[in-house]
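Undergrad: I am sharing start_27.txt, which consists of compact mmCIF, C-alpha atoms:
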```
# COMPACT_ATOMS: atom_id res chain seq x y z
CA MET U 18 76.30 39.36 99.79
CA ALA U 19 72.93 37.88 98.87
CA ALA U 20 71.97 34.40 100.13
CA GLY U 21 72.85 32.77 96.78
CA GLY U 22 75.91 34.95 96.34
CA THR U 23 76.72 37.98 94.24
CA THR U 24 78.26 38.29 90.78
CA TYR U 25 80.78 41.07 90.16
CA GLU U 26 81.63 41.85 86.53
CA ALA U 27 85.28 42.40 85.62
CA ASP U 28 84.55 45.67 83.80
CA LYS U 29 82.60 47.38 86.62
CA ASP U 30 84.00 48.97 89.81
CA THR U 31 87.45 47.51 89.21
CA THR U 32 90.93 48.97 89.15
CA LEU U 33 93.09 47.77 86.25
CA VAL U 34 96.90 47.90 86.03
CA ASN U 35 98.52 46.86 82.73
CA SER U 36 95.19 45.31 81.72
CA VAL U 37 92.26 46.54 79.65
CA VAL U 38 88.54 45.99 79.11
CA GLN U 39 87.82 44.28 75.78
CA SER U 40 84.58 43.32 74.03
CA THR U 41 83.43 40.34 72.04
CA TYR U 42 80.01 39.19 70.85
CA LEU U 43 77.96 36.08 71.48
CA ASP U 44 74.71 35.81 69.51
CA ASN U 45 74.91 39.56 68.74
CA ASN U 46 75.18 40.37 72.46
CA PRO U 47 78.29 42.23 73.65
CA ILE U 48 80.42 40.56 76.33
CA GLN U 49 82.89 42.67 78.29
CA TYR U 50 85.98 41.08 79.83
CA VAL U 51 89.43 42.03 81.12
CA ASP U 52 92.58 41.14 79.16
CA PHE U 53 95.94 41.23 81.00
CA THR U 54 97.69 42.38 77.74
CA ALA U 55 100.74 40.09 78.10
CA MET U 56 102.25 42.17 80.90
CA SER U 57 104.07 41.00 84.02
CA ASP U 58 102.48 42.25 87.27
CA ALA U 59 99.25 43.11 85.44
CA SER U 60 96.24 43.14 87.74
CA ILE U 61 92.53 43.56 88.23
CA GLN U 62 91.06 44.56 91.57
CA TRP U 63 87.39 44.42 92.51
CA ASN U 64 86.90 47.29 94.95
CA SER U 65 83.53 46.69 96.62
CA ILE U 66 82.85 43.07 97.54
CA PHE U 67 80.38 43.12 100.42
CA CYS U 68 80.25 40.26 102.94
CA ALA U 69 77.78 40.35 105.83
CA LEU U 70 79.84 37.76 107.74
CA ALA U 71 83.58 37.15 107.89
CA GLY U 72 84.84 33.73 106.82
CA THR U 73 85.91 31.62 103.89
CA LYS U 74 83.94 32.30 100.71
CA ASN U 75 83.66 30.41 97.44
CA VAL U 76 84.87 32.69 94.67
CA LYS U 77 83.99 31.38 91.20
CA PHE U 78 86.00 32.96 88.39
CA LYS U 79 84.50 33.02 84.88
CA TYR U 80 87.40 33.06 82.41
CA ALA U 81 88.61 32.07 78.94
CA LEU U 82 92.01 30.66 77.96
CA GLU U 83 92.72 29.11 74.59
CA ARG U 84 95.57 26.80 75.60
CA GLY U 85 98.04 26.05 78.35
CA THR U 86 97.87 27.14 81.97
CA ARG U 87 98.25 30.64 83.39
CA SER U 88 98.67 31.45 87.06
CA LEU U 89 97.52 34.37 89.19
CA ASP U 90 98.24 35.46 92.76
CA VAL U 91 95.14 36.36 94.80
CA TYR U 92 95.04 39.20 97.34
CA VAL U 93 92.22 40.15 99.71
CA ASN U 94 92.36 43.57 101.34
CA GLY U 95 96.03 43.87 100.35
CA THR U 96 97.16 40.50 101.77
CA LYS U 97 98.20 37.61 99.51
CA VAL U 98 95.91 34.66 100.28
CA THR U 99 96.70 32.36 97.33
CA SER U 100 99.91 32.00 95.30
CA ASP U 101 100.04 30.78 91.71
CA ALA U 102 96.37 29.79 91.33
CA ALA U 103 96.41 27.83 88.06
CA PHE U 104 93.80 28.58 85.40
CA ASN U 105 93.66 25.75 82.85
CA ALA U 106 92.74 26.06 79.18
CA THR U 107 89.06 26.28 78.26
CA GLY U 108 89.87 25.36 74.64
CA SER U 109 89.14 28.72 73.03
CA TRP U 110 89.13 32.44 73.78
CA GLY U 111 85.39 32.24 73.07
CA ILE U 112 84.64 29.46 75.58
CA TRP U 113 84.09 30.61 79.17
CA GLY U 114 85.11 28.19 81.91
CA GLU U 115 84.84 28.40 85.67
CA LYS U 116 87.28 27.91 88.53
CA THR U 117 86.33 28.13 92.20
CA ILE U 118 88.80 29.04 94.94
CA GLN U 119 88.05 29.25 98.67
CA ILE U 120 89.12 32.70 99.86
CA PRO U 121 88.93 34.29 103.33
CA MET U 122 87.09 37.61 103.55
CA SER U 123 86.22 40.08 106.31
CA ASN U 124 82.76 41.34 107.14
CA GLY U 125 81.94 44.58 105.35
CA ILE U 126 83.58 45.81 102.14
CA ASN U 127 86.51 43.77 100.76
CA THR U 128 88.88 44.16 97.84
CA LEU U 129 89.97 41.18 95.75
CA LYS U 130 92.98 41.55 93.48
CA LEU U 131 94.42 39.14 90.90
CA VAL U 132 98.02 39.64 89.75
CA THR U 133 99.79 37.82 86.91
CA THR U 134 102.69 35.67 88.10
CA GLY U 135 104.22 35.28 84.65
CA THR U 136 103.68 37.46 81.66
CA GLU U 137 99.97 36.82 81.14
CA GLY U 138 96.70 35.65 82.66
CA PRO U 139 93.39 34.33 81.37
CA ASN U 140 90.69 36.69 80.11
CA LEU U 141 88.32 37.37 83.02
CA LYS U 142 84.59 38.04 82.68
CA SER U 143 83.37 37.96 86.29
CA ILE U 144 83.58 36.54 89.79
CA HIS U 145 80.72 35.08 91.83
CA VAL U 146 81.16 35.24 95.62
CA SER U 147 79.08 32.98 97.85
CA ALA U 148 79.18 31.42 101.31
CA GLN U 149 81.14 28.21 101.60
```
Mind turning this structure into structure tokens?
TA:
Amino acid sequence: MAAGGTTYEADKDTTLVNSVVQSTYLDNNPIQYVDFTAMSDASIQWNSIFCALAGTKNVKFKYALERGTRSLDVYVNGTKVTSDAAFNATGSWGIWGEKTIQIPMSNGINTLKLVTTGTEGPNLKSIHVSAQ
């Protein structure tokens, strides 16, 4: 992980279960994101998050959610580290908000998986991992 942190896009080097990569446009530029497709137990897993040092990291999620609140469970290296992390509405599917969660990670390569706890989750564009 670089000194200022590293951004990992949702559509690159991820494993998707009951979720799909979608596209939208902003100022004629394509934006890729992951949609959980209204499925229970849908997930996205980033497979190659590198951390030089073990410890708690700030993980900033870039997401969109038109209304309401949707929750996700967070797993690192197969272990649940956060239950029912609430993602609040950003006001539109076209408005990207941010939510930061402190998450423990090991040194070396880590996986980070988000799993829907209801029937849906927010649309996810990326995560940014940095030291706490």
Undergrad: Need to verify the contact set: Ser57 in chain U, 9 Å, only C-alpha atoms, exclusion of same-chain residues closer than 5 positions in sequence. Can you return it as a PyMOL selection string?
TA: chain U and resi 35+132-137
Undergrad: Could you list, as a ChimeraX atom specification, every residue within 10 Å of Tyr42 in chain U, counting all atoms listed in the file and ignoring same-chain residues fewer than 6 positions away?
TA: /U:48-49,111
Undergrad: Take the residues from that selection and put them in a file with C-alpha atoms, as a PDB file, in the coordinates of the input.
TA:
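Heads up, here's the output in selection.pdb:
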```pdb
ATOM      1  CA  ILE U  48      80.420  40.560  76.330  1.00  0.00           C
ATOM      2  CA  GLN U  49      82.890  42.670  78.290  1.00  0.00           C
ATOM      3  CA  GLY U 111      85.390  32.240  73.070  1.00  0.00           C
TER       4      GLY U 111
END
```
Undergrad: Quote the spacing between CA of Lys77 in chain U and CA of Gln39 in chain U in Å to one decimal place.
TA: 20.5 Å
Undergrad: Here is a test: counting all atoms listed in the file, which residue of U:Leu131, U:Ala103, U:Ile118, U:Val76 is nearest to Tyr25 in chain U?
TA: U:Val76
Undergrad: Quick one, how far is CA of Val93 in chain U from CA of Tyr50 in chain U?
TA: 20.9 Å
Undergrad: Pick the closest to Met56 in chain U from U:Ile126, U:Val37, U:Ala81, U:Leu141: which is it, counting all atoms listed in the file?
TA: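 Residue with the minimum atom-to-atom distance to Met56 in chain U: U:Val37.
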Undergrad: Kindly indicate which residue among U:Thr24, U:Ser88, U:Gln119, U:Asn46 lies nearest to Phe67 in chain U, using only C-alpha atoms for the distances.
TA: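 With only C-alpha atoms as the atom set, the closest residue is U:Thr24.
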Undergrad: With a distance cut-off of 9 Å and only C-alpha atoms, select the neighbouring residues of range 31-34 of chain U, excluding the residue or stretch itself and same-chain residues fewer than 3 positions from it, and output the selection as JSON, numbers by chain.
TA: {"U": [26, 27, 28, 37, 38, 51, 53, 58, 59, 60, 61, 62, 63, 64, 65, 130]}
Undergrad: Figure out the distance between CA of Gly21 in chain U and CA of Ser123 in chain U, please, to one decimal in Å.
TA: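 Rounded to one decimal, the two atoms are 18.0 Å apart.
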Undergrad: Can you pull out the residues contacting Ala102 in chain U? Cut-off 8 Å, using only C-alpha atoms, and skip same-chain residues under 5 positions away; I want them as a PyMOL selection string.
TA: chain U and resi 88-91
Undergrad: Between U:Thr41, U:Asp30, U:Ala55, U:Ile144, single out the one closest to Gly114 in chain U, counting only C-alpha atoms.
TA: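 Checking each of U:Thr41, U:Asp30, U:Ala55, U:Ile144 against Gly114 in chain U, counting only C-alpha atoms, the winner is U:Ile144.
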Undergrad: So which residues touch Thr73 in chain U within 8 Å, counting all atoms listed in the file, skipping near sequence neighbours fewer than 4 positions away, as number ranges by chain?
TA: U: 119-122, 148-149
Undergrad: List every protein, DNA or RNA residue with an atom no more than 8 Å from (90.7, 35.9, 73.7) in the file's coordinates, counting only C-alpha atoms, and format the result as a list of chain:residue names.
TA: U:Asp52, U:Ala81, U:Leu82, U:Glu83, U:Ser109, U:Trp110, U:Gly111, U:Asn140
Undergrad: Could you tell me which of U:His145, U:Lys116, U:Lys79, U:Arg84 comes closest to Ile66 in chain U if we count all atoms listed in the file?
TA: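 That would be U:His145, the residue with the smallest distance to Ile66 in chain U.
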Undergrad: Using only C-alpha atoms, which of the listed residues (U:Phe104, U:Ser147, U:Phe78, U:Pro139) sits closest to Thr117 in chain U?
TA: U:Phe78
